Structures are given as C-alpha cells and as structure tokens.
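Novice: Data file my_file_38.txt (compact mmCIF, C-alpha atoms (C1' of nucleotides)) is appended below.
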```txt
# COMPACT_ATOMS: atom_id res chain seq x y z
CA MET A 1 15.56 55.99 47.59
CA ILE A 2 13.66 54.66 50.59
CA ILE A 3 10.56 56.42 51.94
CA ALA A 4 8.51 55.30 54.94
CA THR A 5 5.41 56.16 56.91
CA PHE A 6 4.49 55.67 60.57
CA ASN A 7 1.52 56.63 62.73
CA ALA A 8 3.30 57.33 66.03
CA ASN A 9 0.30 57.96 68.29
CA SER A 10 2.41 60.56 70.14
CA LEU A 11 5.86 61.29 68.77
CA ARG A 12 7.17 62.18 72.23
CA MET A 13 6.17 58.77 73.57
CA ARG A 14 7.91 57.08 70.64
CA ILE A 15 11.06 59.09 70.09
CA GLU A 16 13.22 56.03 70.78
CA THR A 17 11.13 53.89 68.44
CA VAL A 18 11.51 56.45 65.65
CA LEU A 19 15.22 57.13 66.25
CA GLN A 20 16.05 53.42 66.34
CA TRP A 21 14.06 52.79 63.18
CA LEU A 22 15.86 55.62 61.37
CA GLU A 23 19.22 54.34 62.59
CA LYS A 24 18.53 50.75 61.56
CA ASN A 25 16.76 51.34 58.23
CA LYS A 26 18.33 54.63 57.14
CA PRO A 27 15.40 55.70 54.97
CA ASP A 28 15.82 58.84 52.89
CA ILE A 29 12.43 60.11 54.06
CA LEU A 30 10.15 59.25 57.00
CA CYS A 31 6.64 60.66 57.32
CA VAL A 32 4.90 60.55 60.69
CA GLN A 33 1.24 61.04 61.63
CA GLU A 34 -0.48 61.63 64.96
CA THR A 35 2.53 63.36 66.47
CA LYS A 36 0.16 64.81 69.10
CA VAL A 37 2.51 67.65 69.92
CA GLN A 38 2.20 71.41 69.51
CA ASP A 39 4.96 73.04 67.48
CA GLU A 40 6.54 74.77 70.49
CA ASP A 41 6.91 71.40 72.21
CA PHE A 42 8.24 69.44 69.20
CA PRO A 43 11.23 67.39 70.39
CA THR A 44 13.76 69.07 68.08
CA ASP A 45 16.68 68.34 70.44
CA ALA A 46 16.17 64.59 70.13
CA PHE A 47 16.37 64.79 66.33
CA GLU A 48 19.26 67.28 66.05
CA ALA A 49 21.97 64.62 66.06
CA CYS A 50 20.26 61.98 63.93
CA GLY A 51 21.27 63.34 60.53
CA TYR A 52 17.78 64.21 59.36
CA GLU A 53 16.17 67.49 58.49
CA TYR A 54 12.59 67.85 59.62
CA ALA A 55 9.40 69.80 59.16
CA PHE A 56 6.24 69.53 61.23
CA LYS A 57 2.83 70.95 62.05
CA GLY A 58 1.00 70.04 65.21
CA GLN A 59 -1.86 71.17 67.39
CA LYS A 60 -3.00 70.61 70.93
CA LYS A 61 -3.90 67.01 71.86
CA TYR A 62 -4.86 65.64 68.43
CA ASN A 63 -3.46 65.00 64.97
CA GLY A 64 -0.08 66.43 63.94
CA VAL A 65 2.19 65.48 61.02
CA ALA A 66 5.96 65.50 60.58
CA LEU A 67 8.49 64.77 57.88
CA PHE A 68 12.13 63.72 58.25
CA SER A 69 14.60 63.72 55.34
CA ARG A 70 18.31 63.06 54.80
CA ASP A 71 18.28 65.51 51.87
CA ALA A 72 17.17 69.12 51.94
CA ILE A 73 13.46 69.81 52.42
CA SER A 74 12.00 72.73 50.47
CA GLU A 75 8.66 74.31 49.64
CA VAL A 76 7.07 73.09 52.86
CA SER A 77 3.37 73.80 53.21
CA PHE A 78 0.65 72.73 55.63
CA GLY A 79 -3.04 72.15 55.27
CA LEU A 80 -5.37 71.81 52.32
CA ASP A 81 -5.85 74.74 49.92
CA SER A 82 -9.54 74.94 50.83
CA LYS A 83 -11.34 75.74 54.07
CA PRO A 84 -10.98 74.48 56.71
CA GLN A 85 -7.30 73.99 56.04
CA ASP A 86 -6.89 71.39 58.81
CA GLU A 87 -3.19 72.14 58.94
CA ALA A 88 -2.12 69.40 61.34
CA ARG A 89 -3.37 66.64 59.02
CA ILE A 90 -1.31 67.31 55.88
CA ILE A 91 2.24 68.42 55.20
CA THR A 92 3.60 68.81 51.67
CA ALA A 93 7.23 69.33 50.71
CA MET A 94 9.73 68.96 47.88
CA ILE A 95 12.72 66.66 48.41
CA GLY A 96 14.91 66.61 45.33
CA ASP A 97 12.43 66.61 42.44
CA ILE A 98 9.86 64.56 44.36
CA THR A 99 6.75 66.06 45.92
CA VAL A 100 5.89 64.32 49.20
CA VAL A 101 2.36 64.66 50.60
CA ASN A 102 1.97 63.21 54.09
CA THR A 103 -1.64 62.89 55.27
CA TYR A 104 -3.47 61.84 58.40
CA ILE A 105 -6.97 61.27 57.03
CA PRO A 106 -9.86 61.87 59.50
CA GLN A 107 -10.99 58.57 60.99
CA GLY A 108 -14.70 59.36 60.92
CA VAL A 109 -15.85 57.98 64.32
CA SER A 110 -19.13 56.40 63.14
CA PRO A 111 -21.14 56.30 59.90
CA ASP A 112 -23.86 58.58 61.30
CA SER A 113 -21.39 61.14 62.65
CA ASP A 114 -20.79 64.53 61.06
CA LYS A 115 -17.13 63.58 61.41
CA PHE A 116 -17.75 60.83 58.85
CA THR A 117 -19.21 63.41 56.47
CA TYR A 118 -16.11 65.49 57.14
CA LYS A 119 -13.91 62.49 56.27
CA LEU A 120 -15.65 62.01 52.91
CA GLU A 121 -15.42 65.74 52.20
CA TRP A 122 -11.74 65.69 53.15
CA PHE A 123 -11.04 63.11 50.43
CA LYS A 124 -12.93 65.25 47.90
CA ARG A 125 -10.94 68.33 48.87
CA LEU A 126 -7.71 66.33 48.67
CA ARG A 127 -8.53 65.34 45.09
CA GLY A 128 -9.00 69.03 44.29
CA TYR A 129 -5.72 69.80 46.01
CA PHE A 130 -3.85 67.39 43.75
CA GLU A 131 -5.68 68.68 40.66
CA ARG A 132 -4.88 72.31 41.36
CA ASN A 133 -1.27 71.94 42.49
CA PHE A 134 0.33 68.97 40.71
CA SER A 135 0.26 66.76 37.64
CA PRO A 136 0.14 62.95 37.59
CA ASP A 137 3.10 63.09 35.17
CA GLU A 138 5.25 64.52 37.97
CA PRO A 139 6.92 62.41 40.66
CA VAL A 140 4.46 62.71 43.55
CA ILE A 141 4.24 60.43 46.59
CA TRP A 142 1.08 60.55 48.71
CA LEU A 143 1.47 58.51 51.87
CA GLY A 144 0.27 58.19 55.42
CA ASP A 145 -2.54 56.90 57.59
CA MET A 146 -5.48 56.84 55.17
CA ASN A 147 -7.99 55.29 57.60
CA VAL A 148 -9.29 53.07 54.79
CA ALA A 149 -8.97 49.34 54.24
CA LEU A 150 -9.51 49.04 50.50
CA ASP A 151 -10.83 45.50 50.09
CA GLU A 152 -11.39 42.14 51.76
CA ARG A 153 -7.67 41.40 51.75
CA ASP A 154 -7.06 44.43 53.97
CA VAL A 155 -9.12 43.50 57.05
CA HIS A 156 -9.17 40.42 59.28
CA ASN A 157 -12.99 40.10 59.24
CA PRO A 158 -14.46 41.58 56.04
CA GLU A 159 -18.01 40.36 56.71
CA GLY A 160 -18.16 41.55 60.32
CA LEU A 161 -16.46 44.87 59.69
CA LEU A 162 -18.48 45.91 56.64
CA GLY A 163 -20.03 49.29 57.44
CA HIS A 164 -17.15 50.45 59.65
CA VAL A 165 -16.01 54.02 58.88
CA CYS A 166 -12.73 52.59 57.55
CA TYR A 167 -14.37 49.75 55.60
CA CYS A 168 -17.50 50.72 53.69
CA PRO A 169 -18.47 51.62 50.10
CA GLU A 170 -18.50 55.37 50.77
CA VAL A 171 -14.84 55.51 51.86
CA TRP A 172 -13.77 53.08 49.16
CA GLN A 173 -15.27 55.44 46.58
CA ALA A 174 -13.85 58.52 48.29
CA PHE A 175 -10.36 57.02 48.34
CA LYS A 176 -10.64 55.81 44.73
CA ASP A 177 -11.70 59.28 43.60
CA VAL A 178 -8.40 60.60 44.95
CA SER A 179 -6.18 57.75 43.79
CA GLN A 180 -7.68 57.81 40.28
CA TRP A 181 -6.18 61.26 39.86
CA GLY A 182 -3.01 59.32 39.13
CA PHE A 183 -1.74 57.18 42.02
CA GLU A 184 -0.78 53.54 42.37
CA ASP A 185 -0.74 51.60 45.65
CA VAL A 186 2.87 50.45 45.59
CA PHE A 187 2.37 47.80 48.30
CA ARG A 188 -0.35 46.11 46.24
CA ASN A 189 1.78 46.37 43.11
CA GLN A 190 4.37 44.28 44.94
CA CYS A 191 2.09 41.88 46.81
CA GLN A 192 -1.43 40.82 45.75
CA GLU A 193 -2.32 38.33 48.46
CA GLY A 194 -4.01 39.52 51.64
CA ALA A 195 -3.49 39.53 55.42
CA HIS A 196 -0.72 42.13 55.41
CA TYR A 197 -1.75 44.58 58.07
CA THR A 198 -0.36 47.88 59.31
CA PHE A 199 -2.71 48.49 62.28
CA TRP A 200 -4.03 46.47 65.21
CA ASP A 201 -6.55 47.94 67.65
CA TYR A 202 -5.04 48.31 71.11
CA ARG A 203 -8.30 47.44 72.77
CA ALA A 204 -9.13 43.85 71.92
CA GLY A 205 -5.76 42.11 72.08
CA ALA A 206 -5.93 42.44 68.32
CA LEU A 207 -2.20 42.00 67.69
CA GLN A 208 -2.03 38.61 69.43
CA LYS A 209 -5.01 37.41 67.39
CA ASN A 210 -3.73 39.14 64.23
CA ARG A 211 -7.00 41.02 63.94
CA GLY A 212 -5.41 43.73 61.85
CA TRP A 213 -6.16 46.28 59.19
CA ARG A 214 -4.16 47.71 56.30
CA LEU A 215 -4.74 51.44 56.83
CA ASP A 216 -1.36 52.92 55.89
CA TYR A 217 -0.35 53.40 52.26
CA ILE A 218 2.39 54.63 50.00
CA MET A 219 0.79 55.93 46.82
CA ALA A 220 2.95 57.02 43.89
CA THR A 221 2.32 58.58 40.50
CA LYS A 222 3.11 56.32 37.53
CA PRO A 223 6.63 57.56 36.80
CA LEU A 224 7.59 56.72 40.38
CA ALA A 225 5.48 53.59 40.85
CA ALA A 226 7.19 52.07 37.82
CA ARG A 227 10.49 52.40 39.66
CA CYS A 228 9.35 50.87 42.96
CA THR A 229 11.52 47.83 43.66
CA ARG A 230 10.04 46.74 47.00
CA CYS A 231 7.48 47.71 49.61
CA TRP A 232 7.37 46.18 53.04
CA ILE A 233 5.67 46.36 56.43
CA ASP A 234 8.10 46.35 59.34
CA LYS A 235 6.28 44.83 62.30
CA GLN A 236 9.34 44.71 64.54
CA PRO A 237 8.92 48.10 66.25
CA ARG A 238 5.24 47.18 66.77
CA MET A 239 6.37 44.19 68.81
CA THR A 240 9.22 45.80 70.71
CA ILE A 241 10.48 49.09 72.13
CA LYS A 242 7.37 51.24 72.70
CA PRO A 243 4.73 49.79 70.43
CA SER A 244 2.39 52.01 68.46
CA ASP A 245 -0.88 50.57 67.18
CA HIS A 246 0.52 51.05 63.65
CA THR A 247 3.61 49.62 61.95
CA PHE A 248 6.22 51.27 59.82
CA LEU A 249 5.52 50.88 56.08
CA ALA A 250 8.41 51.48 53.67
CA ALA A 251 9.06 51.50 49.95
CA GLU A 252 12.23 51.57 47.87
CA PHE A 253 12.49 53.30 44.50
CA ASP A 254 15.26 52.89 41.94
CA LEU A 255 15.86 56.51 40.98
C1' DA B 1 -18.62 39.35 74.44
C1' DT B 2 -20.64 46.50 71.17
C1' DG B 3 -16.08 45.34 75.41
C1' DG B 4 -11.25 46.45 75.48
C1' DT B 5 -6.30 50.13 75.91
C1' DC B 6 -3.69 53.80 74.95
C1' DG B 7 -2.28 59.09 74.84
C1' DG B 8 -3.02 63.86 75.84
C1' DC B 9 -3.70 66.07 79.78
C1' DA B 10 -6.30 66.86 83.71
C1' DA B 11 -12.52 65.37 82.57
C1' DC B 12 -13.11 63.37 78.84
C1' DC B 13 -12.24 62.91 73.60
C1' DG B 14 -10.30 60.42 69.87
C1' DA B 15 -8.72 56.05 67.82
```
Rewrite the structure of this file - the entire thing - as structure tokens.
Specialist:
Amino acid sequence: MIIATFNANSLRMRIETVLQWLEKNKPDILCVQETKVQDEDFPTDAFEACGYEYAFKGQKKYNGVALFSRDAISEVSFGLDSKPQDEARIITAMIGDITVVNTYIPQGVSPDSDKFTYKLEWFKRLRGYFERNFSPDEPVIWLGDMNVALDERDVHNPEGLLGHVCYCPEVWQAFKDVSQWGFEDVFRNQCQEGAHYTFWDYRAGALQKNRGWRLDYIMATKPLAARCTRCWIDKQPRMTIKPSDHTFLAAEFDL
DNA sequence: ATGGTCGGCAACCGA
C-alpha cells in the first residue's frame, strides 16, 4: 500500500502535475493540501477518468484539502471537532481499515502574530481530536504539510532560522505533543541523516541553492509504522511540469 | 542582501 502527500499550492494550476504523478507512481492514496479551490469549482472532470475516488473541502482563496484513493473512501469528515472547525485544513476518511487524516497546519506568519498562537492552539486541538476519536492501537496515518521542521537535520540553516514560526521550540513542543499520542515519523524511521527537504521557498532561488525545509510528513501509529518498507521524497515534479514549492512525499506499507 | 516569487483574484493577503 502506497500513500503520498503533496502541497499543491493551487490544485487547478497543478492538475497535470498531480495526474502525471498518479499515473507514474500509482499510489493507493494521495493527500493534497492548499488546493485553493472552492468546492463548486473543484476540477472533478479532470479526475473522473484517472481511476481514483476523491473527497475534498475547500474555501475561497486559501487552504483546502483533498484526498484521492484507488479503493473506496468512507466516513469522510472535515474540520476539527472543536471550534473553530477550520474545515478546509483537515479531512479525515476511512480507506479499508486505515484511518487517514490529511492536515494543512496553519503556518503562523510570525512569532508575535495571533496566527502563531492559533497555530499552537491548532496542534493542541488536534491532539484532543486524536484522543477523542481514535486509539494509537488502530491503524491511523496522519500526514500533510505540518509547517514544522523538527530538528537541525530538517532545515538548511538551523542557526539562522531558529525562531522562525516553522523552526522554534514552541512548535517543536506543539508537534511532539500531538505525535506522542502515538505516531512515528516514517521518513525518519527509514533515513536518519539530514538534508532531505520537501519545501523550497519560491522567493530566494532556494531550490537552486538547496535552501530547503522538511515540512511534510507521513506519521503512522505503531502497528502501521512497523510495516513501513520505504519512504521517499520525489523531487522530480518539483523540477519539471508545473513546479510547486513542495515535493511529493510517499511511503509504502507491507499490509 | 529582512529581499525575493508565486497564486487567488482583482487590492492585497498568505506562504
């Protein structure tokens, strides 16, 4: 079973990127963040013939999450189970006996912003969401754009970036409080050395200089993580077609 | 070099 995640930064701008990636890699499940499309404008026609079922929740201009699956999708829900629900940042569904939780975590803007407070609160509420709705003994995959680089291996300039909203003690703790509910970082289980990035800032020629960040994760509960056979970052669509600022990240499980 | 470039969508906000 292969599952993947991709921050599209507009699904409509990257339909060809997504369709080609599905065609080439044939994952069982693909989760997408920052679709930036309202539900009535979701490009269903483009995905009708690709052999995937889909579920999505968007809003005007910002955010938006989607889920594509070769197998049937059931028990789809949107948003957190506490207020504000923030529907277009989280989609949960059952595929087979696996619960998939696809999140687009708030970025936070700046450390002194109320949006940063909201980000930290969002992680707290997500922990509560997992506690109330699932058990770490069950097969649960939590994946997406987490807007956190967890340690010095995950950013190109750990000293210079310390204090950034995606690289500071507060978000490390907030992320750990969620993951300690019962998740393992399956990429790190497979690969301990650093400089494996999933995001490069558009603005500073960051890709050419490999000034990247690891912001996208596939987190799995123990019963699933134990069966992960590989986890890889596919930079190719970042280089070609219509590049996003994020890569595809994929994991394979022997189920 | 505290800039830069994208995308949505129509003047800026978000990343």
Novice: Atom CA of A:Pro106 and atom CA of A:Pro84, how far apart in Å?
Specialist: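 So the answer is 13.0 Å.
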Novice: Tell me, as a PyMOL selection string, which residues lie within 12 Å of B:DC9, counting only C-alpha atoms (C1' of nucleotides); anything in the same chain fewer than 2 positions away does not count.
Specialist: (chain A and resi 36-37+60-62) or (chain B and resi 7+11-13)
Novice: Could you please take those selected residues and save C-alpha atoms (C1' of nucleotides) as a PDB file, in the coordinates of the input?
Specialist:
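Contents of out_1.pdb, as written:
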```pdb
ATOM      1  CA  LYS A  36       0.160  64.810  69.100  1.00  0.00           C
ATOM      2  CA  VAL A  37       2.510  67.650  69.920  1.00  0.00           C
ATOM      3  CA  LYS A  60      -3.000  70.610  70.930  1.00  0.00           C
ATOM      4  CA  LYS A  61      -3.900  67.010  71.860  1.00  0.00           C
ATOM      5  CA  TYR A  62      -4.860  65.640  68.430  1.00  0.00           C
TER       6      TYR A  62
ATOM      7  C1'  DG B   7      -2.280  59.090  74.840  1.00  0.00           C
ATOM      8  C1'  DA B  11     -12.520  65.370  82.570  1.00  0.00           C
ATOM      9  C1'  DC B  12     -13.110  63.370  78.840  1.00  0.00           C
ATOM     10  C1'  DC B  13     -12.240  62.910  73.600  1.00  0.00           C
TER      11       DC B  13
END
```
Novice: Can you build me a table of chain B residues sitting at most 7 Å from chain A, with the closest atom pair per residue and its distance in Å to one decimal, using all atoms listed in the file, sorted by chain and residue number, as CSV?
Specialist:
```
residue,atom,partner,partner_atom,distance
B:DG4,C1',A:Arg203,CA,4.1
B:DT5,C1',A:Arg203,CA,4.6
B:DC6,C1',A:Tyr202,CA,6.8
B:DG7,C1',A:Ser10,CA,6.8
B:DG8,C1',A:Lys61,CA,5.2
```
Novice: Between atom CA of A:His196 and atom CA of A:Lys209, what is the spacing in Å?
Specialist: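 A separation of 13.6 Å between them.
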Novice: What gap, in Å, lies between atom CA of A:Arg70 and atom CA of A:Asp28?
Specialist: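 Separation between atom CA of A:Arg70 and atom CA of A:Asp28: 5.3 Å.
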Novice: Between A:Ala149, A:Leu143, A:Leu80, A:Val155, which has the minimum distance to A:Asn7 (counting all atoms listed in the file)?
Specialist: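 Residue with the minimum atom-to-atom distance to A:Asn7: A:Leu143.
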Novice: Quick one: residues within 9 Å of A:Cys231, all atoms listed in the file counted, chain neighbours fewer than 2 positions away excluded, as an MDAnalysis selection string?
Specialist: chainID A and resid 186:191 218 228:229 233 249:252
Novice: Excluding same-chain residues fewer than 6 positions from A:Asn147, what lies within 7 Å of it counting only C-alpha atoms (C1' of nucleotides), as a ChimeraX atom specification?
Specialist: /A:105,107,166,215
Novice: A:Glu16, A:Leu22, A:Gln173, A:Asp154: which is nearest A:Phe248, counting all atoms listed in the file?
Specialist: A:Leu22
Novice: Build an axis-aligned box that encloses every atom of stretch 214-223 of chain A listed in the file, pad it by 3 Å on each side, and report its centre and edge lengths in Å to one decimal, as lines of an AutoDock Vina configuration file.
Specialist:
```
center_x = 0.9
center_y = 53.1
center_z = 46.8
size_x = 17.4
size_y = 16.9
size_z = 26.0
```
Novice: Using all atoms listed in the file, pick whichever of A:Asn157, A:Ser110, A:Gln180, A:Thr117 has the shortest atom-to-atom distance to B:DA15.
Specialist: A:Ser110
Novice: Do you know which residues are at most 6 Å from stretch 98-100 of chain A counting all atoms listed in the file, after dropping those on the same chain fewer than 5 positions away, and could you put them as a PyMOL selection string?
Specialist: chain A and resi 92-93+139-141
Novice: Measuring between only C-alpha atoms, which one of A:Val165, A:Ala220, A:Ala174, A:Ala226 shows the shortest distance to A:Glu121?
Specialist: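 Using only C-alpha atoms, A:Glu121 sits closest to A:Ala174.
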Novice: Would you kindly return, as a PyMOL selection string, each protein, DNA or RNA residue with an atom no farther than 10 Å from any atom of A:Ala46, considering only C-alpha atoms (C1' of nucleotides) and excluding same-chain residues fewer than 6 positions away?
Specialist: chain A and resi 12+15-16+19
Novice: Determine the nearest neighbour of B:DG14 from the options A:Glu34, A:Asp145, A:Asp254, A:Asp216, counting all atoms listed in the file.
Specialist: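 Smallest separation from B:DG14 among the options: A:Glu34.
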